[in-house]
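Q: What follows is upload.txt, made up of compact mmCIF, C-alpha atoms:
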# COMPACT_ATOMS: atom_id res chain seq x y z
CA MET A 235 -20.25 -19.11 19.33
CA SER A 236 -17.59 -16.49 19.56
CA ASP A 237 -18.03 -12.92 18.42
CA GLN A 238 -14.47 -12.87 17.13
CA ILE A 239 -13.95 -12.73 13.39
CA THR A 240 -10.69 -13.59 11.76
CA TYR A 241 -9.42 -11.94 8.58
CA ASP A 242 -6.29 -12.35 6.57
CA GLY A 243 -3.45 -9.96 7.43
CA GLY A 244 -4.43 -7.26 4.94
CA ASP A 245 -8.06 -7.22 6.04
CA GLU A 246 -7.05 -7.07 9.69
CA ASP A 247 -4.83 -4.07 9.04
CA ASP A 248 -7.45 -2.42 6.88
CA ILE A 249 -10.10 -2.83 9.58
CA LEU A 250 -7.71 -1.44 12.19
CA ALA A 251 -7.02 1.54 9.92
CA ALA A 252 -10.77 2.14 9.53
CA GLU A 253 -11.36 1.83 13.28
CA TYR A 254 -8.58 4.34 13.83
CA VAL A 255 -10.08 6.81 11.36
CA LEU A 256 -13.60 6.35 12.74
CA GLY A 257 -12.22 6.92 16.22
CA VAL A 258 -13.74 3.89 17.96
CA LEU A 259 -10.47 2.57 19.42
CA ASP A 260 -9.64 3.11 23.10
CA ALA A 261 -6.68 5.20 24.25
CA PRO A 262 -4.00 2.43 24.34
CA GLU A 263 -5.12 1.11 20.92
CA ARG A 264 -5.00 4.61 19.45
CA ALA A 265 -1.55 5.21 20.89
CA ALA A 266 -0.35 1.92 19.37
CA ALA A 267 -1.78 2.90 15.98
CA ASP A 268 -0.16 6.35 16.23
CA ARG A 269 3.24 4.73 16.82
CA ARG A 270 2.69 2.39 13.91
CA LEU A 271 1.83 5.29 11.60
CA LEU A 272 5.33 6.66 12.13
CA ASP A 273 7.20 3.76 10.56
CA ASP A 274 4.70 1.55 8.70
CA ARG A 275 4.11 3.16 5.32
CA GLN A 276 1.61 0.53 4.21
CA PHE A 277 -0.51 1.06 7.31
CA ALA A 278 -0.21 4.83 6.88
CA GLY A 279 -1.46 4.37 3.31
CA ARG A 280 -4.50 2.41 4.52
CA VAL A 281 -5.28 5.13 7.07
CA ALA A 282 -4.93 7.83 4.41
CA ARG A 283 -7.32 6.00 2.08
CA TRP A 284 -9.97 5.61 4.77
CA GLN A 285 -9.59 9.25 5.68
CA GLN A 286 -10.26 10.16 2.08
CA ASP A 287 -13.18 7.73 1.75
CA LEU A 288 -14.88 8.90 4.96
CA ALA A 289 -14.12 12.63 4.56
CA PRO A 290 -17.56 13.28 2.96
CA PHE A 291 -19.00 12.84 6.48
CA ASP A 292 -17.21 16.09 7.36
CA ALA A 293 -20.07 17.97 5.66
CA ALA A 294 -22.15 17.15 8.75
CA TYR A 295 -20.02 19.49 10.89
CA ALA A 296 -21.63 22.92 11.08
CA GLU A 297 -19.44 26.01 11.24
CA VAL A 298 -19.39 27.74 14.65
CA THR A 299 -17.44 30.97 15.02
CA PRO A 300 -15.01 30.67 17.94
CA PRO A 301 -14.55 33.52 20.46
CA PRO A 302 -12.29 36.30 19.14
CA GLN A 303 -9.41 35.97 21.62
CA ILE A 304 -8.36 32.48 20.53
CA LEU A 305 -6.17 33.47 17.57
CA GLY A 306 -4.18 35.83 19.80
CA ALA A 307 -3.69 33.07 22.37
CA ILE A 308 -2.41 30.71 19.65
CA GLN A 309 -0.03 33.33 18.26
CA ALA A 310 1.30 34.10 21.74
CA ARG A 311 1.97 30.41 22.38
CA LEU A 312 3.71 29.95 19.03
CA PHE A 313 5.66 33.15 18.58
CA ASP A 314 6.44 34.64 22.00
CA ARG A 315 9.08 32.20 23.11
CA PRO A 316 12.56 32.93 24.47
CA ALA A 317 15.48 31.67 22.42
CA PRO A 318 17.20 28.46 23.53
CA HIS A 319 20.86 29.26 23.03
CA GLY A 320 22.13 25.73 23.60
CA LEU A 321 20.44 24.35 20.51
CA PHE A 322 21.81 27.22 18.46
CA ARG A 323 25.36 26.43 19.50
CA ARG A 324 24.98 22.78 18.56
CA LEU A 325 23.54 23.61 15.16
CA TRP A 326 26.18 26.14 14.54
CA SER A 327 29.18 24.04 15.59
CA GLY A 328 28.03 21.31 13.18
CA VAL A 329 28.49 23.65 10.28
CA GLY A 330 32.25 23.82 9.94
CA PHE A 331 32.25 25.42 6.53
CA TRP A 332 30.49 28.48 7.83
CA ARG A 333 32.34 28.80 11.10
CA GLY A 334 34.39 31.61 9.64
CA VAL A 335 31.25 33.66 9.42
CA ALA A 336 31.30 34.53 13.10
CA ALA A 337 28.95 36.52 15.28
CA VAL A 338 25.76 36.33 13.33
CA SER A 339 22.16 36.52 14.22
CA LEU A 340 20.46 33.53 12.81
CA ALA A 341 17.06 31.95 12.78
CA ALA A 342 16.62 28.22 12.59
CA LEU A 343 13.50 26.18 12.34
CA ALA A 344 13.67 23.08 14.45
CA LEU A 345 11.25 20.97 16.47
CA GLY A 346 8.43 22.71 14.66
CA ALA A 347 8.99 26.08 16.28
CA VAL A 348 10.82 29.15 15.14
CA ILE A 349 13.92 29.64 17.22
CA THR A 350 15.48 33.03 16.84
CA VAL A 351 18.95 33.45 18.27
CA TYR A 352 20.81 36.68 18.50
CA SER A 353 24.49 37.42 18.82
CA PRO A 354 26.05 40.90 18.67
CA PRO A 355 26.22 41.92 15.02
CA THR A 356 29.42 42.88 13.30
CA PRO A 357 29.48 45.20 10.29
CA GLY A 358 29.12 43.32 7.02
CA PRO A 359 27.09 43.18 3.88
CA SER A 360 25.72 39.67 4.24
CA LEU A 361 22.59 37.83 5.26
CA VAL A 362 22.53 34.28 6.52
CA THR A 363 20.08 31.57 7.44
CA THR A 364 20.11 27.93 8.32
CA ILE A 365 17.36 26.03 6.61
CA ALA A 366 16.40 23.07 8.73
CA ALA A 367 13.34 21.07 9.69
CA ASN A 368 12.31 18.64 12.33
CA ASN A 369 10.96 15.65 10.49
CA SER A 370 13.33 15.47 7.57
CA ASP A 371 17.05 14.95 7.97
CA VAL A 372 17.85 17.48 5.27
CA SER A 373 19.25 20.86 6.27
CA PHE A 374 21.07 23.68 4.54
CA VAL A 375 22.95 26.84 5.31
CA ALA A 376 22.58 29.86 3.07
CA LEU A 377 24.77 32.95 2.89
CA TYR A 378 23.89 35.96 0.79
CA ASP A 379 26.51 38.50 -0.13
CA SER A 380 24.49 41.62 -0.89
CA ALA A 381 27.55 43.47 -2.20
CA ARG A 382 27.77 41.00 -5.09
CA ASP A 383 24.14 39.73 -5.15
CA GLN A 384 25.57 36.28 -4.71
CA LEU A 385 23.74 33.49 -2.89
CA ARG A 386 25.65 30.47 -1.64
CA VAL A 387 23.80 27.43 -0.34
CA ARG A 388 25.37 24.39 1.21
CA GLN A 389 23.63 21.20 2.28
CA THR A 390 24.78 20.39 5.81
CA SER A 391 22.96 17.11 6.42
CA GLY A 392 20.89 14.49 4.62
CA THR A 393 21.30 12.96 1.17
CA GLY A 394 20.66 14.41 -2.28
CA ALA A 395 17.21 14.12 -3.87
CA ASP A 396 16.22 10.75 -5.37
CA GLY A 397 16.80 10.26 -9.10
CA ASP A 398 13.39 11.47 -10.23
CA LYS A 399 13.21 14.39 -7.79
CA SER A 400 14.92 17.71 -7.25
CA TYR A 401 15.40 20.00 -4.28
CA GLU A 402 14.11 23.46 -5.14
CA LEU A 403 15.02 26.64 -3.27
CA TRP A 404 12.42 29.36 -2.65
CA VAL A 405 12.35 32.78 -1.11
CA ILE A 406 9.12 33.87 0.58
CA PRO A 407 8.91 37.61 1.16
CA VAL A 408 6.75 38.43 4.18
CA GLY A 409 3.09 38.08 3.26
CA GLN A 410 3.80 37.03 -0.31
CA LYS A 411 3.90 33.87 -2.39
CA PRO A 412 7.07 31.79 -2.69
CA VAL A 413 9.37 32.73 -5.58
CA SER A 414 11.69 30.08 -7.00
CA LEU A 415 15.44 30.60 -6.76
CA GLY A 416 16.05 27.46 -8.79
CA VAL A 417 16.94 23.83 -8.28
CA LEU A 418 19.75 22.82 -5.90
CA ALA A 419 21.71 20.42 -8.09
CA ALA A 420 24.80 19.90 -5.95
CA GLU A 421 25.74 19.85 -2.29
CA THR A 422 27.21 23.31 -2.64
CA SER A 423 25.87 25.89 -5.03
CA LYS A 424 26.70 29.49 -5.74
CA ARG A 425 24.52 31.68 -7.90
CA ALA A 426 24.42 35.32 -8.87
CA LEU A 427 20.89 36.64 -8.52
CA PRO A 428 19.30 38.99 -11.06
CA ALA A 429 18.17 42.29 -9.57
CA ASP A 430 14.48 41.33 -9.28
CA LEU A 431 15.28 38.23 -7.22
CA ALA A 432 18.07 39.92 -5.28
CA ALA A 433 15.53 42.51 -4.13
CA LEU A 434 13.57 39.76 -2.37
CA ILE A 435 16.49 38.58 -0.22
CA ARG A 436 15.81 40.71 2.83
CA ALA A 437 15.93 40.11 6.57
CA GLY A 438 12.57 38.73 7.65
CA ALA A 439 11.92 36.84 4.43
CA THR A 440 12.08 33.05 4.53
CA LEU A 441 14.22 30.66 2.53
CA ALA A 442 12.76 27.20 2.05
CA VAL A 443 13.58 23.97 0.24
CA THR A 444 10.86 21.74 -1.19
CA LEU A 445 10.94 18.33 -2.85
CA GLU A 446 9.81 18.71 -6.47
CA PRO A 447 9.71 16.64 -9.67
CA LEU A 448 13.07 16.36 -11.46
CA GLY A 449 14.04 19.78 -12.79
CA GLY A 450 11.81 21.70 -10.39
CA SER A 451 8.15 22.54 -9.96
CA PRO A 452 6.35 22.49 -13.32
CA SER A 453 3.82 25.13 -12.20
CA GLY A 454 6.19 27.72 -10.79
CA ASP A 455 4.63 27.29 -7.32
CA PRO A 456 5.83 24.78 -4.74
CA THR A 457 4.02 21.44 -5.16
CA GLY A 458 5.91 19.06 -2.89
CA PRO A 459 6.47 18.86 0.85
CA VAL A 460 8.62 21.51 2.50
CA LEU A 461 11.81 19.81 3.66
CA ALA A 462 13.35 22.75 5.42
CA ALA A 463 12.79 26.45 6.03
CA GLY A 464 14.49 29.28 7.87
CA ALA A 465 14.13 33.04 8.29
CA ILE A 466 16.76 35.33 6.83
CA GLN A 467 18.63 37.54 9.28
CA ALA A 468 21.30 40.16 8.82
CA ILE A 469 24.78 39.40 10.03
CA MET B 156 -15.35 30.84 1.28
CA LEU B 157 -11.95 30.26 -0.25
CA THR B 158 -11.41 27.75 -3.02
CA ALA B 159 -9.66 24.51 -2.10
CA GLN B 160 -6.59 25.74 -4.00
CA ALA B 161 -6.48 29.04 -2.11
CA LEU B 162 -6.71 27.19 1.20
CA ALA B 163 -3.93 24.79 0.14
CA ASP B 164 -1.79 27.83 -0.75
CA LEU B 165 -2.30 29.22 2.76
CA VAL B 166 -1.16 25.90 4.25
CA ALA B 167 1.91 25.90 1.99
CA ARG B 168 2.78 29.45 3.03
CA THR B 169 2.21 28.50 6.68
CA ALA B 170 4.71 25.69 6.19
CA LEU B 171 7.14 28.34 5.01
CA ARG B 172 6.66 30.13 8.37
CA ASP B 173 4.53 32.92 6.91
CA ARG B 174 2.68 34.24 9.95
CA SER B 175 0.21 36.36 8.02
CA ALA B 176 -0.78 33.32 5.93
CA PHE B 177 -1.28 31.40 9.18
CA ALA B 178 -3.60 34.15 10.46
CA ASP B 179 -5.55 34.04 7.17
CA LEU B 180 -5.77 30.28 7.44
CA TYR B 181 -7.23 30.66 10.93
CA GLN B 182 -9.81 33.18 9.67
CA HIS B 183 -10.97 30.79 6.96
CA ALA B 184 -10.83 27.46 8.77
CA SER B 185 -11.40 28.10 12.47
CA ALA B 186 -15.23 28.07 12.35
CA LYS B 187 -15.33 24.68 10.65
CA LEU B 188 -12.72 23.20 13.00
CA PHE B 189 -14.45 24.69 16.05
CA GLY B 190 -17.67 23.04 14.81
CA VAL B 191 -15.87 19.69 14.61
CA LEU B 192 -14.44 20.07 18.12
CA LEU B 193 -17.77 21.16 19.65
CA ARG B 194 -19.62 18.28 18.03
CA ILE B 195 -17.18 15.67 19.33
CA LEU B 196 -16.22 17.16 22.71
CA LYS B 197 -19.67 18.60 23.52
CA ASP B 198 -18.06 21.08 25.91
CA ARG B 199 -17.45 24.65 24.86
CA ALA B 200 -14.52 25.44 27.16
CA GLU B 201 -12.73 22.26 26.20
CA ALA B 202 -13.41 22.87 22.51
CA GLU B 203 -11.84 26.34 22.80
CA ASP B 204 -8.77 24.84 24.43
CA ALA B 205 -8.63 22.12 21.79
CA LEU B 206 -8.89 24.70 18.99
CA GLN B 207 -5.65 26.28 20.20
CA GLU B 208 -3.93 22.89 20.19
CA VAL B 209 -5.23 22.09 16.73
CA PHE B 210 -3.89 25.30 15.19
CA ILE B 211 -0.55 24.82 16.93
CA ARG B 212 -0.39 21.40 15.25
CA VAL B 213 -1.39 22.95 11.93
CA TRP B 214 1.56 25.35 12.25
CA GLN B 215 3.92 22.54 13.27
CA LYS B 216 2.77 19.96 10.73
CA ALA B 217 2.10 22.21 7.73
CA HIS B 218 5.34 21.21 6.00
CA GLY B 219 4.07 17.61 5.87
CA TYR B 220 0.90 18.58 4.01
CA SER B 221 0.83 17.62 0.36
CA SER B 222 -2.08 18.84 -1.75
CA ASP B 223 -2.10 15.75 -3.96
CA ARG B 224 -3.20 13.55 -1.05
CA ALA B 225 -6.10 15.45 0.51
CA SER B 226 -7.75 18.85 0.43
CA ALA B 227 -6.35 21.29 2.98
CA MET B 228 -9.67 21.36 4.80
CA THR B 229 -9.80 17.55 5.00
CA TRP B 230 -6.24 17.57 6.32
CA MET B 231 -7.08 20.10 9.04
CA ILE B 232 -10.33 18.35 9.99
CA THR B 233 -8.35 15.12 10.38
CA ILE B 234 -6.03 16.89 12.84
CA ALA B 235 -9.03 18.30 14.72
CA ARG B 236 -10.91 14.97 14.86
CA ASN B 237 -7.82 13.08 16.00
CA HIS B 238 -7.13 15.58 18.74
CA ALA B 239 -10.75 15.65 19.93
CA ILE B 240 -11.00 11.85 19.98
CA ASP B 241 -7.71 11.55 21.86
CA ARG B 242 -9.14 13.92 24.49
CA LEU B 243 -12.39 11.95 24.66
CA ARG B 244 -10.63 8.62 25.11
CA GLN B 245 -8.59 10.04 27.94
CA ARG B 246 -11.65 11.12 29.87
CA ARG B 247 -12.50 8.69 32.64
CA GLU B 248 -16.26 9.11 32.40
CA VAL B 249 -17.29 8.20 28.89
CA THR B 250 -20.99 7.98 29.69
CA SER B 251 -21.34 11.64 30.70
CA GLY B 252 -21.33 12.52 27.00
CA LEU B 253 -24.73 10.90 26.51
CA ASP B 254 -26.65 13.59 28.38
CA ALA B 255 -24.53 16.42 27.10
CA ALA B 256 -25.12 15.32 23.51
CA GLU B 257 -28.39 17.22 23.35
CA THR B 258 -26.82 20.51 24.43
CA VAL B 259 -25.09 20.98 21.10
CA ALA B 260 -27.70 21.42 18.43
CA ASP B 261 -27.42 19.59 15.13
CA SER B 262 -27.22 22.42 12.67
CA ALA B 263 -27.26 22.03 8.95
CA PRO B 264 -23.97 22.14 7.03
CA THR B 265 -23.28 25.25 4.98
CA PRO B 266 -24.31 25.23 1.30
CA GLU B 267 -20.63 25.50 0.32
CA ALA B 268 -19.72 22.43 2.30
CA GLU B 269 -22.65 20.61 0.75
CA ALA B 270 -21.54 21.52 -2.75
CA ILE B 271 -17.96 20.43 -2.22
CA ALA B 272 -18.91 17.15 -0.67
CA THR B 273 -21.70 16.21 -3.04
CA SER B 274 -19.85 14.04 -5.53
CA GLU B 275 -17.80 12.22 -2.92
CA ARG B 276 -20.75 11.80 -0.65
CA ALA B 277 -22.82 10.22 -3.34
CA ARG B 278 -20.27 7.43 -3.43
CA ILE B 279 -20.18 6.78 0.30
CA ASP B 280 -23.97 7.12 0.53
CA THR B 281 -24.40 4.52 -2.18
CA CYS B 282 -22.15 2.17 -0.26
CA LEU B 283 -23.82 2.90 3.09
CA ASP B 284 -27.18 2.13 1.46
CA GLU B 285 -25.97 -1.43 0.97
CA LEU B 286 -25.73 -1.85 4.75
CA GLU B 287 -28.71 -2.28 7.07
CA ALA B 288 -29.92 1.10 8.25
CA ASP B 289 -28.80 0.81 11.89
CA LYS B 290 -25.36 -0.46 10.86
CA ALA B 291 -24.87 2.37 8.39
CA GLY B 292 -26.02 4.74 11.15
CA ALA B 293 -23.44 3.30 13.55
CA VAL B 294 -20.60 3.91 11.07
CA ARG B 295 -21.76 7.47 10.45
CA SER B 296 -22.24 8.29 14.13
CA ALA B 297 -18.92 6.78 15.13
CA TYR B 298 -17.20 9.13 12.69
CA ILE B 299 -19.21 12.29 13.26
CA GLU B 300 -19.74 12.08 17.02
CA GLY B 301 -16.48 10.31 17.89
CA TRP B 302 -18.28 7.54 19.79
CA SER B 303 -16.32 4.62 21.20
CA TYR B 304 -17.41 0.99 20.82
CA GLN B 305 -18.87 1.19 24.34
CA GLU B 306 -20.93 4.29 23.56
CA LEU B 307 -22.15 2.76 20.29
CA ALA B 308 -23.13 -0.42 22.16
CA ASP B 309 -25.06 1.63 24.74
CA ARG B 310 -26.84 3.62 22.05
CA TYR B 311 -27.86 0.56 20.06
CA SER B 312 -28.52 -1.56 23.18
CA VAL B 313 -26.28 -4.44 22.17
CA PRO B 314 -23.25 -6.00 23.92
CA VAL B 315 -19.97 -4.27 23.06
CA ASN B 316 -18.56 -7.39 21.37
CA THR B 317 -21.61 -7.57 19.15
CA MET B 318 -21.14 -3.92 18.21
CA ARG B 319 -17.49 -4.60 17.43
CA THR B 320 -18.44 -7.49 15.14
CA TRP B 321 -21.17 -5.44 13.44
CA LEU B 322 -18.94 -2.52 12.79
CA ARG B 323 -16.01 -4.57 11.53
CA ARG B 324 -18.23 -6.51 9.12
CA SER B 325 -19.78 -3.23 7.97
CA LEU B 326 -16.34 -1.72 7.37
CA LEU B 327 -15.25 -4.69 5.25
CA LYS B 328 -18.41 -4.39 3.13
CA LEU B 329 -17.91 -0.66 2.87
CA ARG B 330 -14.32 -1.06 1.77
CA ASP B 331 -15.28 -3.58 -0.91
CA CYS B 332 -17.98 -1.25 -2.20
CA LEU B 333 -15.76 1.86 -2.11
CA SER B 334 -12.93 0.18 -3.99
CA LEU B 335 -15.15 -0.92 -6.89
For the structure just supplied, provide its representation as structure tokens.

A:
Amino acid sequence: MSDQITYDGGDEDDILAAEYVLGVLDAPERAAADRRLLDDRQFAGRVARWQQDLAPFDAAYAEVTPPPQILGAIQARLFDRPAPHGLFRRLWSGVGFWRGVAAVSLAALALGAVITVYSPPTPGPSLVTTIAANNSDVSFVALYDSARDQLRVRQTSGTGADGDKSYELWVIPVGQKPVSLGVLAAETSKRALPADLAALIRAGATLAVTLEPLGGSPSGDPTGPVLAAGAIQAI
Amino acid sequence: MLTAQALADLVARTALRDRSAFADLYQHASAKLFGVLLRILKDRAEAEDALQEVFIRVWQKAHGYSSDRASAMTWMITIARNHAIDRLRQRREVTSGLDAAETVADSAPTPEAEAIATSERARIDTCLDELEADKAGAVRSAYIEGWSYQELADRYSVPVNTMRTWLRRSLLKLRDCLSL
């Protein structure tokens, strides 16, 4: 008698998903499942369902306060990095429309880390950011003319939102909740901001784009995944 | 303790590169995640190192979190468990964990965690009750302790292939019960 059991394809995948969530697989099997999660949506769905079903076990984990220095170590690893200029140049040269806006300081978000790049500033009334993210192919460039309270946003890569979805633009003042700047309906948009919103467009704040139901978030707060984000910097 | 919604808001703001929200998120979630890592890794120094990695992943992956799929705490615990289990599986000596297991005391979950999990847990408990006691125990321990098939087999004194068959049959039964 063999110990092997055979299942139909769905069962086999479902068992593998459960074994992955439980954690009983060995290192090569886990690595294979991790790779599969990247491009097999059905398998990812099975894993997500098991995670949800087994999550009640999490109540068994007692809280243990970690030593106080750990947060500082995490922040140092995330935020105290030198700027890689090469990546900046590539991003920038891909954005022909904005090439006229020379010599800016600009922050981009790529590869999951904040990359701040500085070039000598020239006098001017504007603020700029690229809004980009690692695991979506959607990116934007935003330019704010503070003399006219006018915000221009241009999509620089990726497609428009699917028929039943909208891209929504947000500004996040430091330490505050996101505030909607409206839905991005076209590849290029230009909008005059009322004074209360214009006051939020400041260096250090973040611009972000989320995927929302058609017409924008019904609640007034972001509900969908963040597609792209970038910090605002003065030119 | 923050509400689930407040915690989800902190993750959303972290996704938007809000560093103060990230620090708040750490204050509210680090003890639970450290508990997860200690329980699975059973080594304090390694758990501290793993906690750094987990929060770096939280920062990096926050934009992929969607509150309609899982609570923010469940999402973060999943990251912590996955990281801890990856570390465990890369250790050469899997058996050394057996002795160390006793060094980390089993402490009771907080009342808040109990309250949140009660309704969901009733469902999984009902389904686990349909399995034989040792098989239900194997499923639970595999999840909570991060045991491999080999460690489960050692604990239950059965050959590893037998354990594999047990667990897979148990998971199929569990799935059928949970999806009713």

Q: Write out as a ChimeraX atom specification the residues lying within 9 Å of region 311-314 of chain B, counting all atoms listed in the file and excluding same-chain residues fewer than 6 positions away.

A: /B:289,293,305

Q: Could you check how far CA of Arg278 (chain B) sits from CA of Leu193 (chain B), in Å to one decimal?

A: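 Here the two named atoms are 27.0 Å from each other.
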
Q: Could you write out as lines of an AutoDock Vina configuration file the box around region 264-280 of chain A (axis-aligned, all atoms listed in the file, 8 Å on each side), with centre and edge lengths in Å to one decimal?

A:
center_x = 1.1
center_y = 3.6
center_z = 12.1
size_x = 28.2
size_y = 22.1
size_z = 33.6

Q: Near chain B, which residues of chain A fall within 6 Å when you count all atoms listed in the file, and what do they look like as a ChimeraX atom specification?

A: /A:256-258,260-261,290,293-299,308,346,409,459-460

Q: Find the spatial neighbours of region 441-450 of chain A, counting only C-alpha atoms, within a cut-off of 6 Å - ignore same-chain residues fewer than 5 positions away - and output them as a list in words.

A: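 Contacts, with the query itself left out: Asp398, Lys399, Ser400, Tyr401, Glu402, Leu403, Trp404, Val405, Val417, Gly458, Pro459, Val460, Leu461, Ala462, Ala463 and Gly464 of chain A.
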
Q: Interatomic distance between CA of Asp396 (chain A) and CA of Ala278 (chain A)?

A: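 Computing the Euclidean distance for CA of Asp396 (chain A) and CA of Ala278 (chain A) yields 21.3 Å.
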
Q: Show me, as a VMD selection string, the residues that have an atom within 8 Å of Val387 (chain A) when counting all atoms listed in the file, minus same-chain residues fewer than 6 positions from it.

A: chain A and resid 374 to 377 422 to 424

Q: Name all residues at most 10 Å from Phe277 (chain A) (count only C-alpha atoms; drop same-chain ones fewer than 3 positions away) and give them as a PyMOL selection string.

A: chain A and resi 244+247-248+250-251+267+270-274+280-283

Q: Save all heavy atoms of region 291-298 of chain B from the block above as a compact mmCIF listing (two decimals), in the first residue's frame.

A:
# COMPACT_ATOMS: atom_id res chain seq x y z
N ALA B 291 -6.55 17.00 14.53
CA ALA B 291 -6.86 18.43 14.70
C ALA B 291 -5.69 19.13 15.38
O ALA B 291 -5.31 20.25 14.99
CB ALA B 291 -8.13 18.58 15.54
N GLY B 292 -5.08 18.47 16.35
CA GLY B 292 -3.94 19.04 17.06
C GLY B 292 -2.76 19.26 16.13
O GLY B 292 -2.04 20.26 16.24
N ALA B 293 -2.56 18.34 15.18
CA ALA B 293 -1.45 18.47 14.23
C ALA B 293 -1.65 19.69 13.33
O ALA B 293 -0.70 20.44 13.07
CB ALA B 293 -1.32 17.20 13.40
N VAL B 294 -2.89 19.91 12.87
CA VAL B 294 -3.17 21.07 12.02
C VAL B 294 -2.89 22.36 12.79
O VAL B 294 -2.20 23.26 12.30
CB VAL B 294 -4.65 21.05 11.54
CG1 VAL B 294 -5.01 22.36 10.85
CG2 VAL B 294 -4.90 19.87 10.61
N ARG B 295 -3.39 22.41 14.01
CA ARG B 295 -3.23 23.60 14.85
C ARG B 295 -1.76 23.89 15.16
O ARG B 295 -1.29 25.02 15.02
CB ARG B 295 -3.99 23.35 16.15
CG ARG B 295 -4.65 24.54 16.75
CD ARG B 295 -5.35 24.14 18.04
NE ARG B 295 -4.96 25.08 19.08
CZ ARG B 295 -5.46 26.32 19.16
NH1 ARG B 295 -6.38 26.73 18.32
NH2 ARG B 295 -5.04 27.13 20.09
N SER B 296 -1.03 22.83 15.53
CA SER B 296 0.38 23.01 15.88
C SER B 296 1.21 23.40 14.67
O SER B 296 2.15 24.19 14.78
CB SER B 296 0.96 21.73 16.48
OG SER B 296 0.20 21.34 17.58
N ALA B 297 0.89 22.80 13.52
CA ALA B 297 1.64 23.14 12.32
C ALA B 297 1.54 24.63 12.08
O ALA B 297 2.54 25.31 11.81
CB ALA B 297 1.10 22.35 11.12
N TYR B 298 0.33 25.18 12.22
CA TYR B 298 0.12 26.60 11.97
C TYR B 298 0.81 27.45 13.03
O TYR B 298 1.58 28.36 12.72
CB TYR B 298 -1.39 26.91 11.93
CG TYR B 298 -1.69 28.36 11.59
CD1 TYR B 298 -1.98 28.74 10.30
CD2 TYR B 298 -1.68 29.34 12.58
CE1 TYR B 298 -2.25 30.06 9.98
CE2 TYR B 298 -1.95 30.67 12.28
CZ TYR B 298 -2.24 31.02 10.98
OH TYR B 298 -2.51 32.33 10.67
